[in-house]
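Data file: final-v4.txt. Format and content: compact mmCIF, C-alpha atoms.
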# COMPACT_ATOMS: atom_id res chain seq x y z
CA MET A 1 -36.69 73.30 0.41
CA LYS A 2 -33.10 74.20 1.24
CA ASP A 3 -30.00 72.76 2.83
CA SER A 4 -26.67 74.24 3.84
CA ARG A 5 -25.56 74.26 0.22
CA GLY A 6 -28.56 76.26 -1.00
CA PRO A 7 -31.78 75.29 -2.79
CA LEU A 8 -32.07 71.71 -3.97
CA LYS A 9 -32.25 71.28 -7.71
CA ARG A 10 -35.32 69.41 -8.88
CA VAL A 11 -34.78 65.85 -10.06
CA ILE A 12 -37.71 64.34 -11.97
CA ALA A 13 -37.81 60.81 -13.38
CA HIS A 14 -40.23 59.46 -15.97
CA VAL A 15 -40.78 55.70 -16.01
CA ASP A 16 -42.18 54.30 -19.24
CA MET A 17 -42.96 50.58 -19.41
CA ASN A 18 -41.82 48.99 -22.67
CA ALA A 19 -44.61 47.53 -24.85
CA PHE A 20 -46.59 47.25 -21.63
CA PHE A 21 -49.72 45.28 -22.60
CA ALA A 22 -47.75 42.87 -24.80
CA SER A 23 -45.02 42.45 -22.18
CA VAL A 24 -47.59 41.64 -19.49
CA GLU A 25 -49.17 39.04 -21.75
CA GLN A 26 -45.77 37.50 -22.51
CA LYS A 27 -45.00 37.36 -18.79
CA HIS A 28 -48.29 35.61 -18.00
CA ASN A 29 -48.08 33.29 -21.01
CA PRO A 30 -44.51 31.95 -21.38
CA HIS A 31 -45.30 30.46 -24.81
CA LEU A 32 -45.68 34.04 -26.12
CA LYS A 33 -42.10 35.02 -25.24
CA GLY A 34 -40.02 35.84 -28.27
CA LYS A 35 -43.07 35.88 -30.54
CA PRO A 36 -44.63 38.87 -32.33
CA VAL A 37 -47.63 39.66 -30.11
CA LEU A 38 -50.45 42.05 -31.00
CA VAL A 39 -52.77 43.07 -28.16
CA CYS A 40 -56.12 44.20 -29.56
CA GLY A 41 -59.78 44.58 -28.69
CA ASN A 42 -61.28 41.69 -30.61
CA PRO A 43 -58.95 39.25 -32.41
CA ASP A 44 -61.87 37.81 -34.39
CA GLY A 45 -63.33 41.11 -35.51
CA ARG A 46 -62.22 44.49 -36.73
CA SER A 47 -59.97 46.19 -34.26
CA VAL A 48 -56.78 48.17 -33.88
CA VAL A 49 -53.45 47.33 -32.29
CA ALA A 50 -53.42 48.50 -28.67
CA THR A 51 -49.79 47.43 -28.20
CA ALA A 52 -47.31 45.47 -30.29
CA SER A 53 -44.40 43.54 -28.82
CA TYR A 54 -40.94 44.54 -29.99
CA GLU A 55 -40.82 41.35 -32.06
CA ALA A 56 -43.87 42.62 -33.97
CA ARG A 57 -42.54 46.17 -34.21
CA ALA A 58 -39.56 44.80 -36.13
CA TYR A 59 -42.04 44.15 -38.96
CA GLY A 60 -43.23 47.75 -38.93
CA VAL A 61 -46.33 47.23 -36.79
CA LYS A 62 -47.31 50.30 -34.76
CA THR A 63 -49.82 51.10 -32.02
CA GLY A 64 -53.15 52.28 -33.44
CA MET A 65 -52.68 50.43 -36.72
CA SER A 66 -55.69 48.53 -38.01
CA LEU A 67 -55.53 44.79 -37.36
CA TRP A 68 -55.73 43.83 -41.03
CA GLU A 69 -52.80 46.10 -41.88
CA ALA A 70 -50.75 44.76 -38.96
CA LYS A 71 -51.40 41.16 -40.05
CA ARG A 72 -50.39 42.06 -43.58
CA LEU A 73 -47.04 43.33 -42.31
CA CYS A 74 -46.62 40.49 -39.81
CA PRO A 75 -48.55 37.37 -40.96
CA ASN A 76 -47.20 35.23 -38.11
CA ALA A 77 -48.36 37.61 -35.40
CA VAL A 78 -50.12 36.15 -32.34
CA LEU A 79 -53.32 38.06 -31.54
CA VAL A 80 -54.23 38.49 -27.86
CA GLN A 81 -57.40 40.11 -26.58
CA CYS A 82 -56.98 43.11 -24.28
CA ASP A 83 -57.28 42.31 -20.55
CA PRO A 84 -57.62 45.70 -18.76
CA GLU A 85 -57.92 44.20 -15.27
CA LYS A 86 -54.58 42.44 -15.67
CA TYR A 87 -52.87 45.65 -16.78
CA VAL A 88 -54.39 47.74 -13.99
CA TYR A 89 -53.31 45.13 -11.41
CA THR A 90 -49.74 45.24 -12.76
CA SER A 91 -49.82 49.04 -12.82
CA MET A 92 -50.75 49.12 -9.14
CA LYS A 93 -47.82 46.81 -8.41
CA LEU A 94 -45.55 49.24 -10.23
CA LEU A 95 -46.85 52.16 -8.19
CA SER A 96 -46.08 50.28 -4.98
CA ILE A 97 -42.46 49.95 -6.16
CA TYR A 98 -42.18 53.64 -7.01
CA LYS A 99 -43.53 54.67 -3.59
CA ILE A 100 -40.59 52.93 -1.91
CA PHE A 101 -38.34 55.67 -3.26
CA THR A 102 -40.59 58.77 -3.09
CA PRO A 103 -44.15 59.70 -2.06
CA LYS A 104 -44.38 62.09 -5.02
CA VAL A 105 -45.50 59.60 -7.65
CA GLU A 106 -47.89 60.76 -10.36
CA ALA A 107 -49.45 58.17 -12.66
CA PHE A 108 -49.40 59.70 -16.14
CA SER A 109 -51.14 56.69 -17.69
CA VAL A 110 -51.52 52.99 -16.96
CA ASP A 111 -47.89 52.38 -18.05
CA GLU A 112 -46.20 55.71 -17.30
CA ALA A 113 -45.41 57.63 -14.14
CA PHE A 114 -43.49 60.70 -13.00
CA LEU A 115 -41.40 60.50 -9.83
CA ASP A 116 -39.99 63.51 -7.97
CA LEU A 117 -36.64 62.29 -6.66
CA THR A 118 -35.57 65.67 -5.24
CA GLY A 119 -33.87 65.14 -1.89
CA THR A 120 -34.03 61.34 -2.00
CA GLN A 121 -30.36 60.97 -2.95
CA ARG A 122 -29.28 60.92 0.68
CA LEU A 123 -31.32 57.77 1.20
CA PHE A 124 -30.97 55.91 -2.09
CA GLY A 125 -27.98 57.35 -3.95
CA SER A 126 -27.69 59.40 -7.14
CA PRO A 127 -30.64 59.73 -9.55
CA GLU A 128 -29.00 57.20 -11.88
CA GLU A 129 -28.52 54.75 -8.99
CA ILE A 130 -32.17 55.14 -7.99
CA ALA A 131 -33.28 54.54 -11.57
CA ARG A 132 -31.18 51.37 -11.76
CA LYS A 133 -32.68 50.15 -8.48
CA ILE A 134 -36.20 50.76 -9.80
CA LYS A 135 -35.44 48.95 -13.06
CA LYS A 136 -33.87 46.03 -11.20
CA ARG A 137 -36.83 45.73 -8.83
CA ILE A 138 -39.39 45.85 -11.65
CA LYS A 139 -37.54 43.15 -13.58
CA LYS A 140 -37.13 40.93 -10.51
CA GLU A 141 -40.67 41.25 -9.13
CA LEU A 142 -42.71 41.63 -12.33
CA GLY A 143 -40.42 40.35 -15.06
CA LEU A 144 -40.88 43.53 -17.10
CA LEU A 145 -38.57 46.08 -18.71
CA CYS A 146 -38.88 49.85 -18.62
CA SER A 147 -37.13 52.96 -19.87
CA ILE A 148 -36.39 55.76 -17.42
CA GLY A 149 -35.61 59.37 -18.25
CA ILE A 150 -34.25 61.87 -15.74
CA GLY A 151 -34.36 65.65 -16.02
CA SER A 152 -34.99 68.81 -14.04
CA ASN A 153 -38.68 68.88 -15.01
CA LYS A 154 -41.43 66.66 -16.44
CA LEU A 155 -40.88 67.83 -20.00
CA LEU A 156 -37.20 66.84 -20.04
CA ALA A 157 -37.75 63.61 -18.10
CA LYS A 158 -40.43 62.47 -20.56
CA LEU A 159 -38.22 63.34 -23.52
CA ALA A 160 -35.24 61.52 -21.98
CA SER A 161 -37.23 58.31 -21.49
CA ASP A 162 -38.12 58.33 -25.21
CA LEU A 163 -34.51 58.63 -26.34
CA LYS A 164 -33.51 55.04 -25.60
CA LYS A 165 -35.92 52.10 -25.84
CA PRO A 166 -36.30 49.40 -24.77
CA ASP A 167 -34.69 49.08 -21.32
CA GLY A 168 -33.07 52.52 -21.50
CA LEU A 169 -31.77 54.95 -18.89
CA VAL A 170 -31.02 58.52 -19.98
CA CYS A 171 -30.15 61.46 -17.74
CA LEU A 172 -30.67 64.75 -19.60
CA SER A 173 -28.86 67.69 -18.00
CA ASP A 174 -29.91 71.32 -18.47
CA GLU A 175 -26.55 72.02 -20.12
CA GLU A 176 -27.32 69.52 -22.90
CA VAL A 177 -30.75 70.95 -23.69
CA PRO A 178 -29.80 73.83 -26.07
CA GLN A 179 -27.77 71.55 -28.34
CA ILE A 180 -30.33 68.72 -28.37
CA PHE A 181 -33.31 71.05 -28.80
CA GLU A 182 -31.78 72.95 -31.73
CA LYS A 183 -32.65 70.23 -34.26
CA LEU A 184 -35.30 68.32 -32.28
CA SER A 185 -38.74 68.28 -33.93
CA VAL A 186 -41.43 70.09 -31.92
CA SER A 187 -43.59 66.97 -32.30
CA SER A 188 -41.11 65.16 -30.03
CA LEU A 189 -42.24 67.18 -27.02
CA CYS A 190 -44.97 65.75 -24.82
CA GLY A 191 -48.21 67.64 -25.34
CA ILE A 192 -47.54 68.80 -28.91
CA GLY A 193 -49.68 66.46 -30.95
CA PRO A 194 -50.13 66.23 -34.74
CA LYS A 195 -52.71 69.02 -34.90
CA LEU A 196 -50.68 71.54 -32.92
CA SER A 197 -47.47 70.44 -34.62
CA SER A 198 -49.03 71.08 -38.04
CA TYR A 199 -50.18 74.51 -36.91
CA LEU A 200 -46.70 75.39 -35.64
CA ASN A 201 -45.16 74.14 -38.90
CA LYS A 202 -47.33 76.60 -40.82
CA LEU A 203 -45.80 79.36 -38.69
CA GLY A 204 -42.36 78.19 -39.73
CA ILE A 205 -41.74 76.41 -36.43
CA HIS A 206 -40.37 72.94 -37.12
CA THR A 207 -37.76 72.41 -34.41
CA CYS A 208 -37.54 73.29 -30.74
CA GLY A 209 -34.83 75.73 -31.75
CA ASP A 210 -37.36 77.48 -34.00
CA LEU A 211 -39.85 77.52 -31.13
CA LYS A 212 -37.27 78.97 -28.77
CA ARG A 213 -36.48 81.86 -31.14
CA TYR A 214 -40.08 82.58 -32.16
CA PRO A 215 -41.34 85.85 -30.59
CA LYS A 216 -43.04 85.04 -27.32
CA GLU A 217 -45.48 87.92 -27.80
CA VAL A 218 -46.69 86.48 -31.10
CA LEU A 219 -47.20 83.04 -29.56
CA GLU A 220 -49.20 84.57 -26.70
CA LYS A 221 -51.32 86.50 -29.19
CA LYS A 222 -52.08 83.37 -31.20
CA PHE A 223 -52.49 80.87 -28.35
CA GLY A 224 -53.21 82.96 -25.25
CA LYS A 225 -51.69 81.62 -22.04
CA VAL A 226 -50.67 78.44 -23.88
CA GLY A 227 -48.36 80.59 -26.02
CA LEU A 228 -46.15 81.39 -23.03
CA TYR A 229 -46.06 77.72 -22.12
CA LEU A 230 -45.04 76.85 -25.69
CA SER A 231 -42.26 79.41 -25.61
CA ASN A 232 -40.90 77.90 -22.39
CA MET A 233 -41.15 74.40 -23.87
CA GLY A 234 -38.88 75.49 -26.69
CA LYS A 235 -36.30 76.38 -24.06
CA GLY A 236 -36.77 73.15 -22.12
CA ILE A 237 -38.41 74.99 -19.24
CA GLY A 238 -41.24 73.43 -17.24
CA ASP A 239 -42.49 74.01 -13.72
CA ASP A 240 -45.31 71.47 -13.40
CA GLU A 241 -45.26 69.82 -9.99
CA VAL A 242 -45.34 66.05 -9.60
CA LEU A 243 -48.42 65.14 -7.59
CA PHE A 244 -48.32 62.91 -4.53
CA TYR A 245 -49.55 59.39 -5.25
CA TYR A 246 -52.74 59.98 -3.25
CA GLN A 247 -53.61 63.05 -5.29
CA SER A 248 -55.29 63.01 -8.67
CA GLU A 249 -56.29 65.63 -11.20
CA PRO A 250 -59.99 66.14 -11.86
CA ILE A 251 -61.50 64.16 -14.69
CA LYS A 252 -61.92 66.36 -17.76
CA SER A 253 -64.15 64.13 -19.87
CA VAL A 254 -65.89 60.78 -19.88
CA GLY A 255 -66.40 58.81 -23.08
CA HIS A 256 -66.93 55.45 -24.76
CA SER A 257 -66.35 54.32 -28.33
CA GLN A 258 -67.08 51.14 -30.23
CA THR A 259 -65.71 49.61 -33.43
CA LEU A 260 -68.26 47.50 -35.32
CA ASN A 261 -67.47 44.11 -36.83
CA GLU A 262 -69.28 45.22 -40.00
CA ASP A 263 -69.90 48.66 -41.44
CA ALA A 264 -73.34 49.84 -40.33
CA TYR A 265 -75.64 51.41 -42.91
CA SER A 266 -78.91 50.87 -41.03
CA PHE A 267 -80.16 53.92 -39.13
CA ASP A 268 -81.69 51.62 -36.52
CA VAL A 269 -78.36 49.91 -35.83
CA ILE A 270 -76.47 53.21 -35.59
CA GLU A 271 -79.13 54.78 -33.39
CA LYS A 272 -79.06 51.86 -30.94
CA LEU A 273 -75.27 51.98 -30.85
CA ILE A 274 -75.28 55.68 -29.97
CA PHE A 275 -77.93 55.03 -27.31
CA GLN A 276 -75.85 52.22 -25.80
CA LEU A 277 -72.71 54.36 -25.72
CA SER A 278 -74.65 57.25 -24.18
CA GLU A 279 -75.95 54.97 -21.44
CA GLN A 280 -72.42 53.79 -20.66
CA VAL A 281 -71.18 57.38 -20.48
CA GLY A 282 -74.08 58.36 -18.22
CA GLU A 283 -73.37 55.46 -15.84
CA ARG A 284 -69.70 56.41 -15.57
CA LEU A 285 -70.56 60.08 -14.96
CA ARG A 286 -72.79 59.09 -12.07
CA HIS A 287 -70.16 56.65 -10.79
CA TYR A 288 -67.55 59.44 -10.65
CA GLY A 289 -70.09 61.94 -9.31
CA TYR A 290 -69.95 64.32 -12.26
CA LYS A 291 -72.37 66.10 -14.56
CA GLY A 292 -71.40 67.70 -17.87
CA ARG A 293 -72.84 70.05 -20.43
CA THR A 294 -70.75 69.46 -23.57
CA VAL A 295 -71.70 66.38 -25.61
CA CYS A 296 -69.40 65.18 -28.39
CA LEU A 297 -70.13 62.60 -31.09
CA THR A 298 -67.36 60.98 -33.16
CA LEU A 299 -68.03 58.97 -36.33
CA ARG A 300 -65.52 56.98 -38.37
CA TYR A 301 -66.72 55.98 -41.81
CA SER A 302 -65.91 52.91 -43.87
CA ASP A 303 -63.24 54.90 -45.75
CA PHE A 304 -61.52 55.56 -42.36
CA SER A 305 -62.29 59.30 -42.42
CA THR A 306 -63.16 60.47 -38.91
CA PHE A 307 -65.28 63.45 -37.87
CA SER A 308 -66.25 64.87 -34.47
CA LYS A 309 -68.68 67.57 -33.48
CA GLN A 310 -69.74 68.81 -30.06
CA LYS A 311 -72.58 70.77 -28.59
CA THR A 312 -72.58 72.74 -25.33
CA LEU A 313 -75.85 72.89 -23.41
CA LYS A 314 -77.18 75.44 -20.95
CA ARG A 315 -77.69 72.74 -18.32
CA PHE A 316 -75.59 69.93 -16.85
CA ILE A 317 -76.65 66.34 -17.50
CA TRP A 318 -75.69 62.79 -16.50
CA ASP A 319 -78.67 60.79 -17.77
CA GLY A 320 -77.79 58.54 -20.72
CA ARG A 321 -81.08 59.36 -22.39
CA ASP A 322 -80.35 63.09 -22.30
CA ILE A 323 -76.86 62.44 -23.66
CA TYR A 324 -78.37 60.25 -26.40
CA LYS A 325 -80.85 62.94 -27.47
CA GLU A 326 -78.09 65.51 -27.87
CA ALA A 327 -75.79 63.03 -29.60
CA MET A 328 -78.51 62.21 -32.12
CA LYS A 329 -78.99 65.91 -32.88
CA ILE A 330 -75.27 66.06 -33.68
CA PHE A 331 -75.61 62.87 -35.74
CA GLY A 332 -78.22 64.55 -37.91
CA VAL A 333 -75.66 67.22 -38.80
CA LEU A 334 -72.56 65.02 -38.94
CA TYR A 335 -73.70 61.95 -40.88
CA ASN A 336 -73.16 62.23 -44.63
CA GLY A 337 -75.39 59.28 -45.59
CA PHE A 338 -72.98 57.90 -48.19
CA TYR A 339 -70.61 55.70 -46.21
CA GLY A 340 -71.17 53.04 -43.59
CA ILE A 341 -70.19 53.62 -39.97
CA ARG A 342 -67.29 51.53 -38.62
CA LEU A 343 -66.82 53.36 -35.30
CA ALA A 344 -68.87 55.65 -33.11
CA GLY A 345 -67.90 57.44 -29.93
CA VAL A 346 -69.80 59.52 -27.39
CA SER A 347 -68.21 61.69 -24.72
CA VAL A 348 -69.23 64.37 -22.24
CA SER A 349 -66.93 67.16 -21.06
CA ASN A 350 -67.19 70.55 -19.37
CA LEU A 351 -67.74 68.68 -16.11
CA VAL A 352 -68.71 69.80 -12.62
CA LYS A 353 -68.75 67.76 -9.45
CA GLU A 354 -72.29 66.84 -8.52
CA SER A 355 -73.27 68.32 -5.13
CA PHE A 356 -75.96 65.65 -4.63
CA GLN A 357 -78.43 68.24 -3.40
CA LEU A 358 -82.03 67.19 -3.87
CA SER A 359 -83.80 68.73 -6.80
CA LEU A 360 -86.71 71.06 -6.11
CA PHE A 361 -88.84 69.13 -8.58
CA GLU A 362 -90.34 65.78 -7.60
CA LYS A 363 -90.07 64.45 -11.17
CA GLU A 364 -86.31 65.08 -11.20
CA ARG A 365 -85.88 63.49 -7.75
CA LYS A 366 -87.68 60.33 -8.92
CA LYS A 367 -85.60 60.24 -12.09
CA GLU A 368 -82.28 60.46 -10.20
CA LYS A 369 -83.41 57.86 -7.68
CA LEU A 370 -84.34 55.48 -10.51
CA LEU A 371 -80.99 55.97 -12.27
CA LYS A 372 -79.00 55.29 -9.10
CA THR A 373 -81.05 52.17 -8.40
CA ILE A 374 -80.36 50.88 -11.92
CA ASP A 375 -76.66 51.66 -11.47
CA ARG A 376 -76.47 49.68 -8.21
CA ILE A 377 -78.12 46.63 -9.78
CA ASN A 378 -75.94 46.75 -12.89
CA GLN A 379 -72.78 47.19 -10.82
CA ARG A 380 -73.68 44.11 -8.83
CA TYR A 381 -74.98 41.82 -11.57
CA GLY A 382 -73.27 43.15 -14.71
CA ASP A 383 -73.72 45.90 -17.31
CA PHE A 384 -77.16 46.16 -18.93
CA THR A 385 -78.76 43.68 -16.49
CA ILE A 386 -81.46 46.32 -16.31
CA THR A 387 -81.71 48.66 -19.28
CA TRP A 388 -84.18 50.44 -21.51
CA ALA A 389 -86.36 48.34 -23.81
CA ARG A 390 -84.83 49.63 -27.02
CA LEU A 391 -81.44 48.22 -25.96
CA LEU A 392 -82.72 44.70 -25.31
CA GLU A 393 -81.94 43.89 -28.93
CA LYS A 394 -78.27 44.81 -28.92
CA SER A 395 -76.50 46.54 -31.74
CA LYS A 396 -74.36 44.52 -34.13
CA GLY A 397 -71.33 43.22 -32.27
CA GLY A 398 -68.25 45.12 -32.00
CA ASN A 399 -65.54 45.99 -29.76
CA VAL A 400 -66.30 48.34 -26.92
CA ILE A 401 -63.09 50.13 -26.14
CA PRO A 402 -62.80 50.06 -22.34
CA PRO A 403 -62.34 53.33 -20.46
CA SER A 404 -58.77 54.20 -19.62
CA TRP A 405 -57.70 53.29 -16.12
CA ARG A 406 -56.75 56.90 -15.73
CA PRO A 407 -57.83 59.73 -18.02
CA THR A 408 -55.14 60.63 -20.54
CA LYS A 409 -54.06 64.20 -20.61
CA ASN A 410 -52.23 66.49 -22.99
CA LEU A 411 -49.98 69.21 -21.71
CA VAL A 412 -51.01 71.44 -24.60
CA SER A 413 -54.00 71.29 -26.92
CA VAL A 414 -55.76 73.53 -29.41
CA ASN A 415 -59.21 73.28 -30.92
Can the structure from this file be put into structure tokens for me?
Amino acid sequence: MKDSRGPLKRVIAHVDMNAFFASVEQKHNPHLKGKPVLVCGNPDGRSVVATASYEARAYGVKTGMSLWEAKRLCPNAVLVQCDPEKYVYTSMKLLSIYKIFTPKVEAFSVDEAFLDLTGTQRLFGSPEEIARKIKKRIKKELGLLCSIGIGSNKLLAKLASDLKKPDGLVCLSDEEVPQIFEKLSVSSLCGIGPKLSSYLNKLGIHTCGDLKRYPKEVLEKKFGKVGLYLSNMGKGIGDDEVLFYYQSEPIKSVGHSQTLNEDAYSFDVIEKLIFQLSEQVGERLRHYGYKGRTVCLTLRYSDFSTFSKQKTLKRFIWDGRDIYKEAMKIFGVLYNGFYGIRLAGVSVSNLVKESFQLSLFEKERKKEKLLKTIDRINQRYGDFTITWARLLEKSKGGNVIPPSWRPTKNLVSVN
């Protein structure tokens, strides 16, 4: 895309809603305004903090913290149960605001989005002016605050939005990058999580400046193609395109997890829980039209240690019973038998889009027809309206963590 002055420089904005779940709850419940709010799965059971309002964060409460620890830090906190439908509805409202300014809007999560503002300046003003208009519109129409970062690529825009919260607006120019990156921790970059950060630290890479100077050839040897991407990240370089709002990336995995109200020591309780989770994963796979062949089981013990193990099959599956059988094989290897189980999770990855061609075998055709019939009934009348007999007596209560509105994604990951 060019004009008389030459190629247009890319302008990418990252919009990050501030304390999104808690802010939405405070907007819908005026008596919560100004109070330390903790949004969680089950206020009456064992859960974790999904989002803490800034009033609660002042006490040291953080997202992902166990509820008992959060209440210890902030005894006067108000606990509010998660309401996914409310957050998705608000997120869709936000997307409608973004689309006023550009069609290239990519939802990064339920409360984050990338906007490609390249070429829109002629209509709406400078990038900073556009950002202010977006912030003003969000506050007026939804009563919410956001932080916006602007850069020449997604990496810089995401970093810029993190630099000033809440209600921030930061424009990070390419000229500022070398100085800022010199002492910036590599863990500050989107996509470099704790595991990868720890690995880089062992190589002597602690800052983006270290990453920039580290031999690219060595990174490529250690990480493959990801090594080149890491090297570019250290220089603030990124060329990922912002998708149009009507585009979406393929789903990479489907999973469910559940935190129990009490530690489970009974094999029967744990087995039923894994079966229930497997059924939920199978239903979602069929809903999206996917089959997968890598099954992963995650267990969190009563001492909070967490372990995951996966198994890749030779065939693709989407039946909850098949997922359950493979998950239980993993359980036999993973479970140590000494501690109770406080959380279990089942997921399926290595997905392919189901072609919906009829199977050559009558038994398989009948099986798929039965599953789809069960799905239709349960979608109409509620989950587990029709289910297998062994699930009629439900597992000990807990908190089923609802699926994300949109799959989360990491720019970089290592196994």
Next on the checklist: Excluding A:Ala264 and its own-chain neighbours fewer than 5 positions away, which residues fall within 12 Å of it when counting all atoms listed in the file? Please give them as a count of residues only.
Outcome noted: 23
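The shortest atom-to-atom distance to A:Glu175, with all atoms listed in the file taken into account, belongs to A:Leu156 out of A:Leu297, A:Leu32, A:Leu156, A:Val218.
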Next on the checklist: Nearest residue to A:Asp83 out of A:Lys133, A:Lys71, A:Lys154, A:His28, using only C-alpha atoms?
Outcome noted: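 For A:Asp83, the nearest of the candidates is A:His28.
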Item to check | d(atom CA of A:Tyr87, atom CA of A:Asp111) in Å | outcome: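 Value for the atom CA of A:Tyr87-atom CA of A:Asp111 distance: 8.5 Å.
The space between atom CA of A:Tyr229 and atom CA of A:Arg293 spans 27.9 Å.
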Please identify all polymer residues within 6 Å of A:Phe244, counting only C-alpha atoms, omitting same-chain residues fewer than 6 positions from it, and present them as a PDB file with C-alpha atoms, keeping the file's coordinate frame.
ATOM      1  CA  PRO A 103     -44.150  59.700  -2.060  1.00  0.00           C
ATOM      2  CA  LYS A 104     -44.380  62.090  -5.020  1.00  0.00           C
ATOM      3  CA  VAL A 105     -45.500  59.600  -7.650  1.00  0.00           C
TER       4      VAL A 105
END
Next on the checklist: Just the number, please: distance in Å from atom CA of A:Val295 to atom CA of A:Tyr265, one decimal.
Outcome noted: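 According to the coordinates, atom CA of A:Val295 and atom CA of A:Tyr265 are separated by 23.2 Å.
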Show which residues sit within 7 Å of A:Pro43, as a PDB file with C-alpha atoms, in the frame of the given file. Count all atoms listed in the file, and ignore same-chain residues fewer than 2 positions away.
ATOM      1  CA  CYS A  40     -56.120  44.200 -29.560  1.00  0.00           C
ATOM      2  CA  GLY A  41     -59.780  44.580 -28.690  1.00  0.00           C
ATOM      3  CA  GLY A  45     -63.330  41.110 -35.510  1.00  0.00           C
ATOM      4  CA  LEU A  79     -53.320  38.060 -31.540  1.00  0.00           C
ATOM      5  CA  VAL A  80     -54.230  38.490 -27.860  1.00  0.00           C
ATOM      6  CA  GLN A  81     -57.400  40.110 -26.580  1.00  0.00           C
TER       7      GLN A  81
END
Next on the checklist: List the spatial neighbours of A:Ser91 as a PyMOL selection string - criterion: any atom at most 12 Å away, only C-alpha atoms, same-chain residues fewer than 4 positions off excluded.
Outcome noted: chain A and resi 15-17+20-21+24+84-87+95-98+107-113+138+142+144+405-406
Next on the checklist: List as a list in words the protein and nucleic acid residues near stretch 198-208 of chain A, meaning an atom at most 8 Å away when all atoms listed in the file are counted, but skip any in the same chain fewer than 6 places from it.
Outcome noted: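 The residues that qualify are Phe181, Glu182, Lys183, Leu184, Ser185, Val186, Tyr214, Met233, Gly234 and Lys235 of chain A.
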